[in-house]
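Encoded as structure tokens, the structure appears first; notes follow it.
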Amino acid sequence: MALIKHEFPILERDTEQTAIIMPNRKGLYKLPEKCVFAFLGDTTDKFAAENQCEEIAVFESITKNYPIYKIKYNGEDICFCQAPCGAPAATQIVDFLISYGVRYIISCGSCGALHPFDENAIIVPTSALRDEGTSYHYIEPKRIIDINPQAVKAIKQVLDSRNISYRECRTWTTDGFYRETKEMVKYRMEEGCEVVDMECSALAACAEFRGAVFGQILFTADTLANLEEYDERDWGKSSYDIVLELSFEAVHLLGKDPLKLSM
């Protein structure tokens, strides 16, 4: 284990896994190994109510409490919860979930289009550019993080089985929603980024550090493809239900060798 110092504090980290404050310090829960982490507003709570899902845990934060539910999906226990916007808040909950037993995570949520994608296009990120701060507390500094190939494979297998078209690409993960300037967007596009989000690289880094498998299904909401005329469209709201369903299918496949679809 090592404390790694640097001129810039954000690039300093400690490789030690145990910290003074650990997410499972109270020893409260035992969660299923598989989890859906959904950036879909209150869709998760509505889904839990409609399907009479059991609340098995809760993540308490200063802003609000996040219930964690359990569903029996194709005979297997899977937990799921709402995800908060932004890398630090979202990663806190993912670290909490992993600490209580989660090993496989499929996240779903919206992204901004940097290319002229239609709204609600399905995106499978295979890598993420780390333009956020949280990931640097978990793994060594590097510009790009690859998304776990096992998770990508499971997601693609589900999409292919349903004949749903999708785009594999790199996402730009940023903390600065209001700092996506024209020149910065062009620069990120030159680096191969086709969409922009606020959490992917941080969640992938946390999962990698903790030995968990993480993948994400994104759908295009607003678009920055036209640098002269930003368009928020309808924020991809019509994708919420379908990507939640796809996420359950994908996480159900994880941990199976080889990956096979349940019929």
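In the structure tokens, the first chain shown is A, the next is B, and so on; residue numbers restart at 1 for each chain, and ligands run from 1 in the order shown.
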task = Would you please extract all strand (DSSP E) residues from range 20-153 of chain A, as assigned by DSSP on the backbone, and give them as a ChimeraX atom specification?
result = /A:34-38,54-60,65-73,76-82,104-113,122-131,144-146
How close does each residue of range 151-226 of chain A get to range 240-245 of chain A, giving the shortest atom pair and distance in Å to one decimal for every residue with an atom at most 10 Å away, counting only C-alpha atoms, sorted by chain and residue number, as JSON lines?
{"residue": "A:Ile217", "atom": "CA", "partner": "A:Val243", "partner_atom": "CA", "distance": 7.1}
{"residue": "A:Leu218", "atom": "CA", "partner": "A:Val243", "partner_atom": "CA", "distance": 8.0}
{"residue": "A:Phe219", "atom": "CA", "partner": "A:Val243", "partner_atom": "CA", "distance": 8.0}
The selected residues should be written to file as a compact mmCIF listing (two decimals), in the first residue's frame (atoms: C-alpha atoms).
# COMPACT_ATOMS: atom_id res chain seq x y z
CA ILE A 217 -26.60 1.88 -20.95
CA LEU A 218 -27.00 5.49 -22.06
CA PHE A 219 -29.64 7.16 -24.19
key: Close residues, Ala57 in chain A itself excluded, 9 Å, only C-alpha atoms, min 2 positions apart in chain, as an MDAnalysis selection string   = chainID A and resid 28:31 55 59 66:69
Atoms kept (N, CA and C atoms) for selection, written as a short mmCIF file (atom, residue, chain, number, x, y, z; two decimals), in the first residue's frame:
data_model
loop_
_atom_site.label_atom_id
_atom_site.label_comp_id
_atom_site.auth_asym_id
_atom_site.auth_seq_id
_atom_site.Cartn_x
_atom_site.Cartn_y
_atom_site.Cartn_z
N LEU A 28 -24.99 -3.00 8.37
CA LEU A 28 -26.45 -3.07 8.42
C LEU A 28 -27.08 -4.05 7.45
N TYR A 29 -26.45 -4.29 6.28
CA TYR A 29 -27.18 -4.96 5.21
C TYR A 29 -26.37 -6.10 4.58
N LYS A 30 -27.09 -6.95 3.87
CA LYS A 30 -26.51 -7.93 2.97
C LYS A 30 -27.30 -7.83 1.67
N LEU A 31 -26.68 -7.29 0.63
CA LEU A 31 -27.37 -7.03 -0.63
C LEU A 31 -27.10 -8.14 -1.64
N GLU A 55 -38.27 -2.97 0.02
CA GLU A 55 -37.17 -2.08 0.34
C GLU A 55 -36.25 -2.81 1.32
N PHE A 59 -29.75 4.31 1.58
CA PHE A 59 -28.57 5.14 1.66
C PHE A 59 -29.01 6.51 2.12
N TYR A 66 -32.07 7.46 -0.16
CA TYR A 66 -32.24 6.67 -1.38
C TYR A 66 -32.60 5.23 -1.02
N PRO A 67 -33.86 4.85 -1.16
CA PRO A 67 -34.24 3.46 -0.88
C PRO A 67 -33.60 2.51 -1.88
N ILE A 68 -33.22 1.35 -1.40
CA ILE A 68 -32.68 0.29 -2.25
C ILE A 68 -33.67 -0.87 -2.21
N TYR A 69 -34.16 -1.25 -3.37
CA TYR A 69 -35.21 -2.25 -3.48
C TYR A 69 -34.66 -3.58 -3.99
#
Proximity to Ile147 in chain A - best of A:Gly215, A:Gly109, A:Gly133, A:Gly192, only C-alpha atoms =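 Looking only at the distances to Ile147 in chain A, the closest residue turns out to be A:Gly215.
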Write out as a compact mmCIF listing (two decimals) with C-alpha atoms, in the first residue's frame which residues come within 6 Å of range 220-233 of chain A when counting only C-alpha atoms, dropping same-chain ones fewer than 4 positions away.
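Result written to part23.txt:
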# COMPACT_ATOMS: atom_id res chain seq x y z
CA SER A 110 -29.19 9.95 -20.25
CA CYS A 111 -26.29 11.61 -22.04
CA GLY A 112 -25.76 14.64 -24.23
CA ALA A 113 -25.11 14.04 -27.91
CA LEU A 114 -21.91 15.48 -29.37
CA HIS A 115 -22.66 13.98 -32.77
CA PRO A 116 -25.98 14.43 -34.61
CA GLU A 119 -32.99 11.77 -29.37
CA ASN A 120 -33.37 8.45 -27.49
CA ALA A 121 -30.57 6.73 -29.41
Could the residues of range 186-256 of chain A that have an atom at most 12 Å from range 4-23 of chain A be listed as a tab-separated table, each with its closest atom pair and the distance in Å to one decimal, counting only C-alpha atoms and ordered by chain and ascending residue number?
residue	atom	partner	partner_atom	distance
A:Cys206	CA	A:Gln17	CA	11.0
A:Glu208	CA	A:Gln17	CA	11.9
A:Phe209	CA	A:Gln17	CA	8.2
A:Arg210	CA	A:Gln17	CA	7.9
A:Gly211	CA	A:Gln17	CA	10.8
Selected residues, C-alpha atoms, written as a PDB file, in the first residue's frame, please.
ATOM      1  CA  CYS A 206     -14.816   2.838  -8.230  1.00  0.00           C
ATOM      2  CA  GLU A 208     -12.481  -1.383 -10.800  1.00  0.00           C
ATOM      3  CA  PHE A 209     -10.867  -0.403  -7.491  1.00  0.00           C
ATOM      4  CA  ARG A 210     -13.317  -2.501  -5.473  1.00  0.00           C
ATOM      5  CA  GLY A 211     -13.178  -5.521  -7.778  1.00  0.00           C
TER       6      GLY A 211
END
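Interatomic distance, CA of Ile144 in chain A against CA of Cys193 in chain A: 10.6 Å.
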remark   = If you count only C-alpha atoms, the residue of A:Cys81, A:Ala49, A:Val94, A:Leu253 closest to Gln150 in chain A turns out to be A:Leu253
task = Using only C-alpha atoms, determine which residues lie at most 7 Å from Leu254 in chain A, disregarding the query and same-chain residues fewer than 2 positions distant; provide the list as a VMD selection string.
result = chain A and resid 104 151 154 250 to 252 256 259
What would the file look like if the residues just selected were written as a PDB file, in the first residue's frame with N, CA and C atoms?
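part_6.pdb was written with the following content:
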ATOM      1  N   TYR A 104     -21.948  -6.942  -9.351  1.00  0.00           N
ATOM      2  CA  TYR A 104     -22.241  -6.672 -10.760  1.00  0.00           C
ATOM      3  C   TYR A 104     -23.233  -5.511 -10.832  1.00  0.00           C
ATOM      4  N   ALA A 151     -19.298  -6.555 -18.924  1.00  0.00           N
ATOM      5  CA  ALA A 151     -20.541  -5.789 -18.844  1.00  0.00           C
ATOM      6  C   ALA A 151     -20.978  -5.309 -20.224  1.00  0.00           C
ATOM      7  N   ALA A 154     -22.558  -8.206 -22.089  1.00  0.00           N
ATOM      8  CA  ALA A 154     -23.914  -8.530 -21.621  1.00  0.00           C
ATOM      9  C   ALA A 154     -24.932  -7.534 -22.169  1.00  0.00           C
ATOM     10  N   ALA A 250     -29.651  -7.165 -18.663  1.00  0.00           N
ATOM     11  CA  ALA A 250     -28.190  -7.222 -18.803  1.00  0.00           C
ATOM     12  C   ALA A 250     -27.516  -7.667 -17.517  1.00  0.00           C
ATOM     13  N   VAL A 251     -27.936  -7.134 -16.383  1.00  0.00           N
ATOM     14  CA  VAL A 251     -27.277  -7.516 -15.132  1.00  0.00           C
ATOM     15  C   VAL A 251     -27.593  -8.965 -14.778  1.00  0.00           C
ATOM     16  N   HIS A 252     -28.756  -9.445 -15.199  1.00  0.00           N
ATOM     17  CA  HIS A 252     -29.109 -10.846 -14.986  1.00  0.00           C
ATOM     18  C   HIS A 252     -28.125 -11.770 -15.698  1.00  0.00           C
ATOM     19  N   LYS A 256     -22.557 -15.152 -15.474  1.00  0.00           N
ATOM     20  CA  LYS A 256     -22.803 -16.426 -16.111  1.00  0.00           C
ATOM     21  C   LYS A 256     -21.712 -16.664 -17.152  1.00  0.00           C
ATOM     22  N   LEU A 259     -21.973 -16.081 -21.224  1.00  0.00           N
ATOM     23  CA  LEU A 259     -23.202 -15.316 -21.117  1.00  0.00           C
ATOM     24  C   LEU A 259     -24.271 -15.975 -21.979  1.00  0.00           C
TER      25      LEU A 259
END
key: Residues near range 170-183 of chain A, cut-off 9 Å, only C-alpha atoms, skip fewer than 4 positions along chain, as a PyMOL selection string   = chain A and resi 86-87+111+124-133+146+187-189+192-202+224+227-228
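The two atoms in question, CA of Lys70 in chain A and CA of Ser99 in chain A, are spaced 16.7 Å apart.
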task = Might you pull out every residue within 12 Å of Asp160 in chain A, with only C-alpha atoms counted and same-chain residues fewer than 6 positions away left off, and present them as number ranges by chain?
result = A: 122, 153-154, 166-167, 246, 250, 261
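Nearest residue to Ile155 in chain A among A:Glu54, A:Glu249, A:Glu140, A:Glu190 is A:Glu249, counting only C-alpha atoms.
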message = Measuring between only C-alpha atoms, which one of A:Asn148, A:Gln92, A:Gln82, A:Gln157 shows the shortest distance to Phe47 in chain A?
response =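 Once distances to Phe47 in chain A are computed over only C-alpha atoms, the minimum belongs to A:Gln82.
Among A:Ser135, A:Arg162, A:Asp118, A:Arg143, the residue with the shortest atom-to-atom distance to Glu191 in chain A, counting only C-alpha atoms, is A:Arg143.
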request  = Please report, as a list in words, each residue of range 19-70 of chain A to which DSSP assigns alpha helix (DSSP H) when run on this structure's backbone.
outcome  = Thr43, Thr44, Asp45, Lys46, Phe47, Ala48, Ala49 and Glu50 of chain A
Could those residues be written to a file, using C-alpha atoms, as a PDB file, in the first residue's frame?
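Dumped everything to again-v3.pdb:
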ATOM      1  CA  THR A  43     -38.945   5.988 -12.204  1.00  0.00           C
ATOM      2  CA  THR A  44     -37.272   3.477  -9.872  1.00  0.00           C
ATOM      3  CA  ASP A  45     -39.623   4.303  -6.993  1.00  0.00           C
ATOM      4  CA  LYS A  46     -42.643   4.020  -9.281  1.00  0.00           C
ATOM      5  CA  PHE A  47     -41.374   0.694 -10.633  1.00  0.00           C
ATOM      6  CA  ALA A  48     -40.873  -0.590  -7.081  1.00  0.00           C
ATOM      7  CA  ALA A  49     -44.400   0.413  -6.082  1.00  0.00           C
ATOM      8  CA  GLU A  50     -46.014  -1.055  -9.195  1.00  0.00           C
TER       9      GLU A  50
END
task = Record the distance separating CA of Pro84 in chain A and CA of Leu40 in chain A, expressed in Å with one decimal.
result =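 Distance reported for this atom pair: 9.0 Å.
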task = Find the residue from A:Phe96, A:Tyr73, A:Phe248, A:Phe117 that sits nearest to Gly27 in chain A; use only C-alpha atoms when measuring.
result =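 Closest residue, counting only C-alpha atoms: A:Phe96.
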